[in-house]
Structures are given as structure tokens and as C-alpha cells.
file work.cif (mmCIF, C-alpha atoms)
data_work
#
loop_
_atom_site.label_atom_id
_atom_site.label_comp_id
_atom_site.auth_asym_id
_atom_site.auth_seq_id
_atom_site.Cartn_x
_atom_site.Cartn_y
_atom_site.Cartn_z
CA MET A 1 -61.34 -11.03 -10.53
CA GLU A 2 -62.88 -14.37 -9.63
CA PRO A 3 -63.90 -16.62 -12.56
CA LYS A 4 -67.58 -17.01 -13.35
CA ARG A 5 -69.31 -19.73 -11.35
CA TYR A 6 -71.87 -21.83 -13.22
CA PRO A 7 -74.97 -23.64 -11.93
CA ARG A 8 -74.14 -27.30 -11.05
CA GLN A 9 -70.40 -26.58 -11.36
CA LEU A 10 -68.21 -29.52 -10.37
CA SER A 11 -64.75 -28.05 -10.88
CA ARG A 12 -62.69 -25.46 -12.70
CA GLY A 13 -59.41 -25.97 -14.48
CA ALA A 14 -56.99 -23.39 -15.80
CA ASN A 15 -59.32 -22.44 -18.69
CA ASN A 16 -62.63 -24.25 -18.36
CA ALA A 17 -65.33 -25.17 -15.86
CA ALA A 18 -67.04 -28.56 -15.71
CA ILE A 19 -70.72 -28.80 -14.83
CA ALA A 20 -72.99 -31.71 -13.97
CA LEU A 21 -75.56 -32.27 -16.70
CA SER A 22 -77.06 -35.43 -15.19
CA GLU A 23 -76.09 -38.40 -13.06
CA THR A 24 -74.18 -39.81 -16.05
CA GLU A 25 -72.93 -36.76 -17.98
CA VAL A 26 -70.60 -33.80 -17.44
CA GLY A 27 -70.15 -30.79 -19.69
CA LYS A 28 -66.78 -29.08 -20.05
CA LEU A 29 -67.56 -25.49 -20.96
CA PHE A 30 -65.73 -23.64 -23.71
CA SER A 31 -66.28 -19.89 -23.65
CA ASP A 32 -65.46 -17.50 -26.50
CA ASP A 33 -61.75 -17.36 -25.70
CA THR A 34 -61.27 -21.13 -25.75
CA ARG A 35 -63.85 -22.19 -28.34
CA SER A 36 -61.18 -23.09 -30.91
CA ASP A 37 -59.83 -25.82 -28.60
CA ILE A 38 -63.05 -27.81 -28.33
CA GLY A 39 -62.66 -29.70 -31.60
CA SER A 40 -59.06 -30.59 -30.88
CA GLU A 41 -59.89 -31.84 -27.40
CA ALA A 42 -62.80 -33.91 -28.73
CA GLU A 43 -60.54 -35.46 -31.39
CA LYS A 44 -57.89 -36.44 -28.83
CA MET A 45 -60.49 -37.84 -26.44
CA ARG A 46 -62.08 -39.94 -29.20
CA PHE A 47 -58.65 -41.23 -30.26
CA ALA A 48 -57.79 -42.30 -26.71
CA ASN A 49 -61.23 -43.89 -26.24
CA GLU A 50 -60.62 -46.11 -29.26
CA VAL A 51 -57.39 -47.43 -27.69
CA ASN A 52 -58.69 -48.26 -24.21
CA GLY A 53 -60.89 -46.98 -21.38
CA LEU A 54 -58.28 -44.98 -19.48
CA VAL A 55 -59.44 -41.52 -20.64
CA VAL A 56 -62.91 -40.33 -19.66
CA LYS A 57 -65.38 -41.27 -22.41
CA PHE A 58 -66.28 -38.62 -25.01
CA LEU A 59 -70.02 -38.47 -25.72
CA ARG A 60 -70.70 -35.43 -27.96
CA LEU A 61 -70.24 -31.73 -28.62
CA GLU A 62 -73.17 -29.51 -27.79
CA ALA A 63 -74.11 -25.83 -27.66
CA ASN A 64 -75.67 -24.71 -24.39
CA ALA A 65 -77.83 -21.73 -25.25
CA ALA A 66 -78.86 -21.09 -21.63
CA LEU A 67 -75.22 -20.62 -20.58
CA GLY A 68 -74.12 -19.11 -23.89
CA THR A 69 -71.26 -21.55 -24.32
CA ASP A 70 -70.23 -24.67 -26.17
CA MET A 71 -69.71 -27.93 -24.28
CA LEU A 72 -67.70 -31.07 -24.63
CA VAL A 73 -69.99 -33.68 -23.07
CA MET A 74 -68.37 -36.72 -21.45
CA GLU A 75 -69.21 -39.48 -19.02
CA ARG A 76 -69.54 -38.45 -15.39
CA LEU A 77 -66.98 -40.03 -13.07
CA TYR A 78 -67.40 -40.37 -9.33
CA PRO A 79 -63.98 -40.23 -7.63
CA LEU A 80 -63.11 -42.36 -4.63
CA ASP A 81 -60.52 -41.62 -1.98
CA PHE A 82 -57.65 -44.03 -2.67
CA ARG A 83 -56.52 -43.86 0.96
CA ALA A 84 -59.55 -45.96 1.91
CA TYR A 85 -58.06 -48.95 0.06
CA GLU A 86 -55.24 -51.28 0.97
CA VAL A 87 -51.81 -50.73 -0.58
CA GLU A 88 -52.05 -54.11 -2.34
CA MET A 89 -55.21 -52.97 -4.13
CA ARG A 90 -53.60 -49.65 -5.07
CA GLU A 91 -50.62 -51.53 -6.54
CA ILE A 92 -52.96 -53.50 -8.78
CA TRP A 93 -54.81 -50.37 -9.88
CA PHE A 94 -51.53 -48.58 -10.55
CA ASP A 95 -50.15 -51.47 -12.64
CA ILE A 96 -53.29 -51.50 -14.80
CA PHE A 97 -53.14 -47.71 -15.12
CA ALA A 98 -49.47 -47.82 -16.17
CA ASP A 99 -50.15 -50.57 -18.75
CA ASP A 100 -53.08 -48.61 -20.20
CA LEU A 101 -51.01 -45.41 -20.31
CA ARG A 102 -48.20 -47.21 -22.16
CA ALA A 103 -50.76 -48.60 -24.62
CA LEU A 104 -51.90 -45.03 -25.31
CA HIS A 105 -48.26 -44.03 -25.89
CA GLN A 106 -47.73 -46.89 -28.33
CA ALA A 107 -50.89 -45.86 -30.20
CA GLY A 108 -49.65 -42.28 -30.52
CA PHE A 109 -51.32 -40.41 -27.61
CA VAL A 110 -49.65 -38.69 -24.66
CA HIS A 111 -51.72 -37.01 -21.92
CA ARG A 112 -49.09 -34.42 -20.84
CA ALA A 113 -50.83 -33.47 -17.57
CA LEU A 114 -50.50 -36.30 -15.07
CA LEU A 115 -48.78 -33.85 -12.73
CA ARG A 116 -50.36 -30.41 -12.40
CA PRO A 117 -47.81 -27.60 -12.84
CA SER A 118 -46.96 -26.07 -9.46
CA HIS A 119 -48.10 -22.59 -10.51
CA LEU A 120 -51.68 -23.77 -11.10
CA PRO A 121 -54.21 -24.15 -8.28
CA GLY A 122 -55.43 -27.60 -7.34
CA ASP A 123 -54.06 -30.93 -6.21
CA ARG A 124 -50.90 -32.38 -7.77
CA TYR A 125 -52.74 -35.20 -9.52
CA ASP A 126 -56.14 -33.62 -10.23
CA ASN A 127 -56.36 -35.28 -13.64
CA ILE A 128 -56.07 -38.85 -12.29
CA LEU A 129 -59.20 -40.12 -10.55
CA LEU A 130 -59.79 -43.39 -8.75
CA THR A 131 -63.26 -44.65 -9.68
CA GLN A 132 -65.18 -47.90 -9.26
CA GLN A 133 -63.58 -48.95 -12.58
CA GLY A 134 -60.03 -48.13 -11.43
CA LEU A 135 -57.78 -45.17 -12.21
CA ARG A 136 -59.00 -42.89 -15.00
CA LEU A 137 -57.66 -39.79 -16.75
CA ILE A 138 -59.59 -36.59 -17.33
CA ASP A 139 -58.77 -33.32 -19.14
CA VAL A 140 -56.98 -34.02 -22.40
CA GLY A 141 -56.76 -30.31 -23.26
CA ILE A 142 -52.96 -30.25 -23.63
CA SER A 143 -52.63 -33.86 -24.76
CA VAL A 144 -51.01 -34.50 -28.11
CA LEU A 145 -51.30 -37.02 -30.88
CA GLN A 146 -48.05 -38.20 -32.42
CA ARG A 147 -49.29 -37.43 -35.92
CA GLN A 148 -49.80 -33.78 -34.89
CA VAL A 149 -46.36 -33.10 -33.38
CA GLY A 150 -43.97 -35.56 -35.00
CA GLU A 151 -41.57 -38.13 -33.57
CA SER A 152 -39.10 -36.05 -31.56
CA PHE A 153 -41.64 -33.91 -29.71
CA PHE A 154 -43.92 -36.86 -29.09
CA TRP A 155 -41.25 -39.12 -27.58
CA ALA A 156 -39.91 -36.25 -25.46
CA TYR A 157 -43.44 -35.77 -24.08
CA VAL A 158 -43.71 -39.52 -23.44
CA GLN A 159 -40.41 -39.51 -21.54
CA ARG A 160 -41.61 -36.67 -19.34
CA GLU A 161 -44.91 -38.43 -18.75
CA LEU A 162 -43.13 -41.62 -17.69
CA GLU A 163 -41.19 -39.54 -15.14
CA GLU A 164 -44.49 -38.13 -13.86
CA LEU A 165 -45.91 -41.67 -13.76
CA ALA A 166 -43.07 -42.76 -11.45
CA MET A 167 -43.77 -39.78 -9.16
CA PHE A 168 -47.49 -40.61 -9.17
CA ARG A 169 -46.72 -44.21 -8.18
CA GLU A 170 -44.84 -43.00 -5.10
CA PHE A 171 -47.71 -40.68 -4.20
CA PHE A 172 -50.53 -43.17 -4.87
CA ILE A 173 -49.01 -46.24 -3.25
CA GLY A 174 -46.80 -44.65 -0.61
CA ARG A 175 -49.29 -42.29 0.97
#
call {"tool": "encode", "arguments": {"input": "work.cif", "output": "C-alpha cells"}}
result
Amino acid sequence: MEPKRYPRQLSRGANNAAIALSETEVGKLFSDDTRSDIGSEAEKMRFANEVNGLVVKFLRLEANAALGTDMLVMERLYPLDFRAYEVEMREIWFDIFADDLRALHQAGFVHRALLRPSHLPGDRYDNILLTQQGLRLIDVGISVLQRQVGESFFWAYVQRELEELAMFREFFIGR
């Protein structure tokens, strides 16, 4: 069975669809089966936003009566194709991205989804977008805060993310 398609739908992840609300806002839809995750995702997004601008900006939570679903409303990003830019520019963007990601780690946040699992549909690095402002992260659904999982889990997640970061560097700069 094909998942429900919404008006103005931009994309669909493993559990949620994202729709365009305006030129500046996107709504990530949370249906009945995922409604309990919305508060957690909003909390993690707000936490990351206080550290730096790497994660898409959280705006608000909202109920959408017309669609019968709750929404996490965030800034709308407009992705660019990185292959249109010189390798030297991509190296600069990557270095800034890596520094911002490490700052998030030091603050107690790990994204956990730089690399999409191979069993899920989509591109390998769907959650990393090149925008006019540089590389940005979206979808913090499986992200964790250190205070929620403790030291050992958190640093194991960070180690895995740093391995994914190295793979992303090869993909982003070497392609």
C-alpha cells in the first residue's frame, strides 16, 4: 500500500511527510501513530538551534485541522546541487559543516542520521542539504541528547557519526 500523499508535499521520510506551508515554512506531519514523537523532535531541534545554525530552524508546533494531523513547523530550505560548485568551495562548506557538527557533539547533541540506512528509500545523504547558507541538517527524529541517553551511548553514537562524516566528505568533495 502506497503512503498517503498530501497537498503541497515536498518529501516523505520513513515515518512522516513534509509539506510546503509557504515560501518560508515547512510542516513535518505527525499522524496518530507518530504523534508521541513530535514533542521529542521539537525539543531536540530547539536544543540544536541554540548551539548553532546547522540544524533546520524550529518555528512552532501546530495542529492542522484540514489534514487531521499535528505538525512540526520549521524554516523552509531550498537545496542546491553541490556538483555545480568548485571542489575548493565544497571543501570550505564541508569544513564549516564538520566544525558545527563537532560543536553540537560537545554541547550534547548527536544527529544519528547523516547516512541513510541502506534499507530505506532515498539518497544516501538525504538529511544533509546544501543551501545558500551552506550545508544544513534536517530530520532530527532519531537524534539524541546526551542527557537523555547517558555517556556511553552518546559517545558511541558520536563515534559512529564521525565515521559517517568521513564518508560524507568523500562523497561531497570527491564526486
call {"tool": "closest_residue", "arguments": {"input": "work.cif", "among": "A:Leu130, A:Leu59, A:Val87, A:Val158", "to": "Ala107 of chain A", "atoms": "only C-alpha atoms"}}
result
A:Val158
call {"tool": "atom_distance", "arguments": {"input": "work.cif", "atom1": "atom CA of Gly39 of chain A", "atom2": "atom CA of Tyr125 of chain A"}}
result
24.8 Å
call {"tool": "resolve_selection", "arguments": {"input": "work.cif", "expression": "the PyMOL selection byres ((chain A and resi 134) around 12)", "output": "ChimeraX atom specification"}}
result
/A:53-56,77-82,85,89-98,100,128-133,135-137
call {"tool": "residues_around", "arguments": {"input": "work.cif", "residues": "Lys57 of chain A", "least_positions_apart": "5", "cutoff": "7 Å", "atoms": "all atoms listed in the file", "output": "PDB file with C-alpha atoms, keeping the file's coordinate frame"}}
result
ATOM      1  CA  ASN A  49     -61.230 -43.890 -26.240  1.00  0.00           C
ATOM      2  CA  MET A  74     -68.370 -36.720 -21.450  1.00  0.00           C
ATOM      3  CA  GLU A  75     -69.210 -39.480 -19.020  1.00  0.00           C
TER       4      GLU A  75
END
call {"tool": "atom_distance", "arguments": {"input": "work.cif", "atom1": "atom CA of Asp37 of chain A", "atom2": "atom CA of Gly141 of chain A"}}
result
7.6 Å
call {"tool": "closest_residue", "arguments": {"input": "work.cif", "among": "A:Leu67, A:Val149, A:Val110, A:Val140", "to": "Glu164 of chain A", "atoms": "all atoms listed in the file"}}
result
A:Val110
call {"tool": "atom_distance", "arguments": {"input": "work.cif", "atom1": "atom CA of Ser11 of chain A", "atom2": "atom CA of Asp70 of chain A"}}
result
16.6 Å
call {"tool": "resolve_selection", "arguments": {"input": "work.cif", "expression": "the PyMOL selection byres ((chain A and resi 69) around 8)", "output": "CSV table (one decimal) with C-alpha atoms, keeping the file's coordinate frame"}}
result
chain,number,residue,atom,x,y,z
A,29,LEU,CA,-67.6,-25.5,-21.0
A,30,PHE,CA,-65.7,-23.6,-23.7
A,31,SER,CA,-66.3,-19.9,-23.6
A,32,ASP,CA,-65.5,-17.5,-26.5
A,63,ALA,CA,-74.1,-25.8,-27.7
A,64,ASN,CA,-75.7,-24.7,-24.4
A,65,ALA,CA,-77.8,-21.7,-25.2
A,67,LEU,CA,-75.2,-20.6,-20.6
A,68,GLY,CA,-74.1,-19.1,-23.9
A,70,ASP,CA,-70.2,-24.7,-26.2
A,71,MET,CA,-69.7,-27.9,-24.3
call {"tool": "residues_around", "arguments": {"input": "work.cif", "residues": "Arg116 of chain A", "least_positions_apart": "6", "cutoff": "10 Å", "atoms": "all atoms listed in the file", "output": "number ranges by chain"}}
result
A: 122-127, 164
call {"tool": "resolve_selection", "arguments": {"input": "work.cif", "expression": "the PyMOL selection byres ((chain A and resi 28) around 7)", "output": "PDB file with C-alpha atoms, in the coordinates of the input"}}
result
ATOM      1  CA  ASN A  16     -62.630 -24.250 -18.360  1.00  0.00           C
ATOM      2  CA  ALA A  17     -65.330 -25.170 -15.860  1.00  0.00           C
ATOM      3  CA  ALA A  18     -67.040 -28.560 -15.710  1.00  0.00           C
ATOM      4  CA  ILE A  19     -70.720 -28.800 -14.830  1.00  0.00           C
ATOM      5  CA  VAL A  26     -70.600 -33.800 -17.440  1.00  0.00           C
ATOM      6  CA  GLY A  27     -70.150 -30.790 -19.690  1.00  0.00           C
ATOM      7  CA  LEU A  29     -67.560 -25.490 -20.960  1.00  0.00           C
ATOM      8  CA  PHE A  30     -65.730 -23.640 -23.710  1.00  0.00           C
ATOM      9  CA  MET A  71     -69.710 -27.930 -24.280  1.00  0.00           C
ATOM     10  CA  LEU A  72     -67.700 -31.070 -24.630  1.00  0.00           C
ATOM     11  CA  VAL A  73     -69.990 -33.680 -23.070  1.00  0.00           C
TER      12      VAL A  73
END
call {"tool": "axis_aligned_box", "arguments": {"input": "work.cif", "around": "segment 152-157 of chain A", "padding_each_side": "3 Å", "output": "JSON"}}
result
{"center_x": -41.5, "center_y": -36.5, "center_z": -27.8, "size_x": 10.8, "size_y": 11.2, "size_z": 13.5}
call {"tool": "closest_residue", "arguments": {"input": "work.cif", "among": "A:Ala20, A:Ile173, A:Met167, A:Leu145", "to": "His111 of chain A", "atoms": "all atoms listed in the file"}}
result
A:Leu145
call {"tool": "residues_near_point", "arguments": {"input": "work.cif", "point": "(-46.8, -44.0, -16.7)", "cutoff": "8 Å", "atoms": "only C-alpha atoms", "output": "list in words"}}
result
Phe97, Ala98, Asp99, Leu101, Arg102, Glu161, Leu162, Glu163, Glu164, Leu165 and Ala166 of chain A
call {"tool": "closest_residue", "arguments": {"input": "work.cif", "among": "A:Asn52, A:Ser22, A:Gln146, A:Gln159", "to": "Gln9 of chain A", "atoms": "all atoms listed in the file"}}
result
A:Ser22
call {"tool": "closest_residue", "arguments": {"input": "work.cif", "among": "A:Leu10, A:Val144, A:Arg175, A:Arg112", "to": "Glu86 of chain A", "atoms": "all atoms listed in the file"}}
result
A:Arg175
call {"tool": "closest_residue", "arguments": {"input": "work.cif", "among": "A:Ala156, A:Ala103, A:Ala113, A:Val51", "to": "Ile142 of chain A", "atoms": "all atoms listed in the file"}}
result
A:Ala113
call {"tool": "build_atoms", "arguments": {"input": "work.cif", "residues": "segment 60-71 of chain A", "atoms": "all heavy atoms", "output": "short mmCIF file (atom, residue, chain, number, x, y, z; two decimals), in the coordinates of the input"}}
result
data_model
loop_
_atom_site.label_atom_id
_atom_site.label_comp_id
_atom_site.auth_asym_id
_atom_site.auth_seq_id
_atom_site.Cartn_x
_atom_site.Cartn_y
_atom_site.Cartn_z
N ARG A 60 -70.27 -36.29 -26.84
CA ARG A 60 -70.70 -35.43 -27.96
C ARG A 60 -70.26 -34.00 -27.70
O ARG A 60 -69.85 -33.64 -26.60
CB ARG A 60 -72.21 -35.49 -28.13
CG ARG A 60 -72.97 -34.90 -26.96
CD ARG A 60 -74.49 -35.09 -27.08
NE ARG A 60 -75.18 -34.59 -25.91
CZ ARG A 60 -75.30 -35.26 -24.76
NH1 ARG A 60 -74.80 -36.47 -24.64
NH2 ARG A 60 -75.94 -34.73 -23.73
N LEU A 61 -70.38 -33.18 -28.74
CA LEU A 61 -70.24 -31.73 -28.62
C LEU A 61 -71.64 -31.14 -28.66
O LEU A 61 -72.52 -31.64 -29.37
CB LEU A 61 -69.39 -31.17 -29.76
CG LEU A 61 -67.95 -31.62 -29.82
CD1 LEU A 61 -67.25 -31.05 -31.04
CD2 LEU A 61 -67.21 -31.24 -28.55
N GLU A 62 -71.83 -30.07 -27.91
CA GLU A 62 -73.17 -29.51 -27.79
C GLU A 62 -73.08 -28.02 -27.48
O GLU A 62 -72.20 -27.59 -26.74
CB GLU A 62 -73.88 -30.25 -26.66
CG GLU A 62 -75.30 -29.89 -26.40
CD GLU A 62 -75.89 -30.78 -25.31
OE1 GLU A 62 -76.03 -31.99 -25.53
OE2 GLU A 62 -76.20 -30.24 -24.24
N ALA A 63 -73.99 -27.25 -28.02
CA ALA A 63 -74.11 -25.83 -27.66
C ALA A 63 -75.12 -25.72 -26.53
O ALA A 63 -76.19 -26.32 -26.58
CB ALA A 63 -74.57 -25.02 -28.86
N ASN A 64 -74.77 -24.95 -25.51
CA ASN A 64 -75.67 -24.71 -24.39
C ASN A 64 -76.14 -23.27 -24.47
O ASN A 64 -75.43 -22.34 -24.05
CB ASN A 64 -74.97 -25.00 -23.06
CG ASN A 64 -75.89 -24.90 -21.87
OD1 ASN A 64 -76.65 -23.95 -21.74
ND2 ASN A 64 -75.83 -25.89 -21.01
N ALA A 65 -77.31 -23.08 -25.03
CA ALA A 65 -77.83 -21.73 -25.25
C ALA A 65 -78.09 -21.01 -23.93
O ALA A 65 -77.85 -19.80 -23.83
CB ALA A 65 -79.12 -21.81 -26.07
N ALA A 66 -78.55 -21.72 -22.92
CA ALA A 66 -78.86 -21.09 -21.63
C ALA A 66 -77.61 -20.47 -21.00
O ALA A 66 -77.68 -19.41 -20.38
CB ALA A 66 -79.48 -22.12 -20.69
N LEU A 67 -76.47 -21.13 -21.15
CA LEU A 67 -75.22 -20.62 -20.58
C LEU A 67 -74.42 -19.80 -21.59
O LEU A 67 -73.42 -19.18 -21.23
CB LEU A 67 -74.36 -21.77 -20.07
CG LEU A 67 -74.95 -22.59 -18.91
CD1 LEU A 67 -74.02 -23.73 -18.55
CD2 LEU A 67 -75.22 -21.71 -17.71
N GLY A 68 -74.82 -19.84 -22.85
CA GLY A 68 -74.12 -19.11 -23.89
C GLY A 68 -72.72 -19.64 -24.15
O GLY A 68 -71.80 -18.86 -24.39
N THR A 69 -72.57 -20.94 -24.15
CA THR A 69 -71.26 -21.55 -24.32
C THR A 69 -71.38 -22.90 -25.01
O THR A 69 -72.45 -23.50 -25.04
CB THR A 69 -70.56 -21.71 -22.94
OG1 THR A 69 -69.23 -22.15 -23.13
CG2 THR A 69 -71.29 -22.66 -22.03
N ASP A 70 -70.28 -23.34 -25.59
CA ASP A 70 -70.23 -24.67 -26.17
C ASP A 70 -69.73 -25.64 -25.11
O ASP A 70 -69.02 -25.25 -24.18
CB ASP A 70 -69.28 -24.70 -27.36
CG ASP A 70 -69.80 -23.87 -28.53
OD1 ASP A 70 -71.03 -23.70 -28.63
OD2 ASP A 70 -68.98 -23.40 -29.32
N MET A 71 -70.10 -26.93 -25.26
CA MET A 71 -69.71 -27.93 -24.28
C MET A 71 -69.16 -29.18 -24.94
O MET A 71 -69.66 -29.61 -25.98
CB MET A 71 -70.92 -28.38 -23.45
CG MET A 71 -71.48 -27.38 -22.52
SD MET A 71 -72.74 -28.11 -21.43
CE MET A 71 -73.87 -28.86 -22.58
#
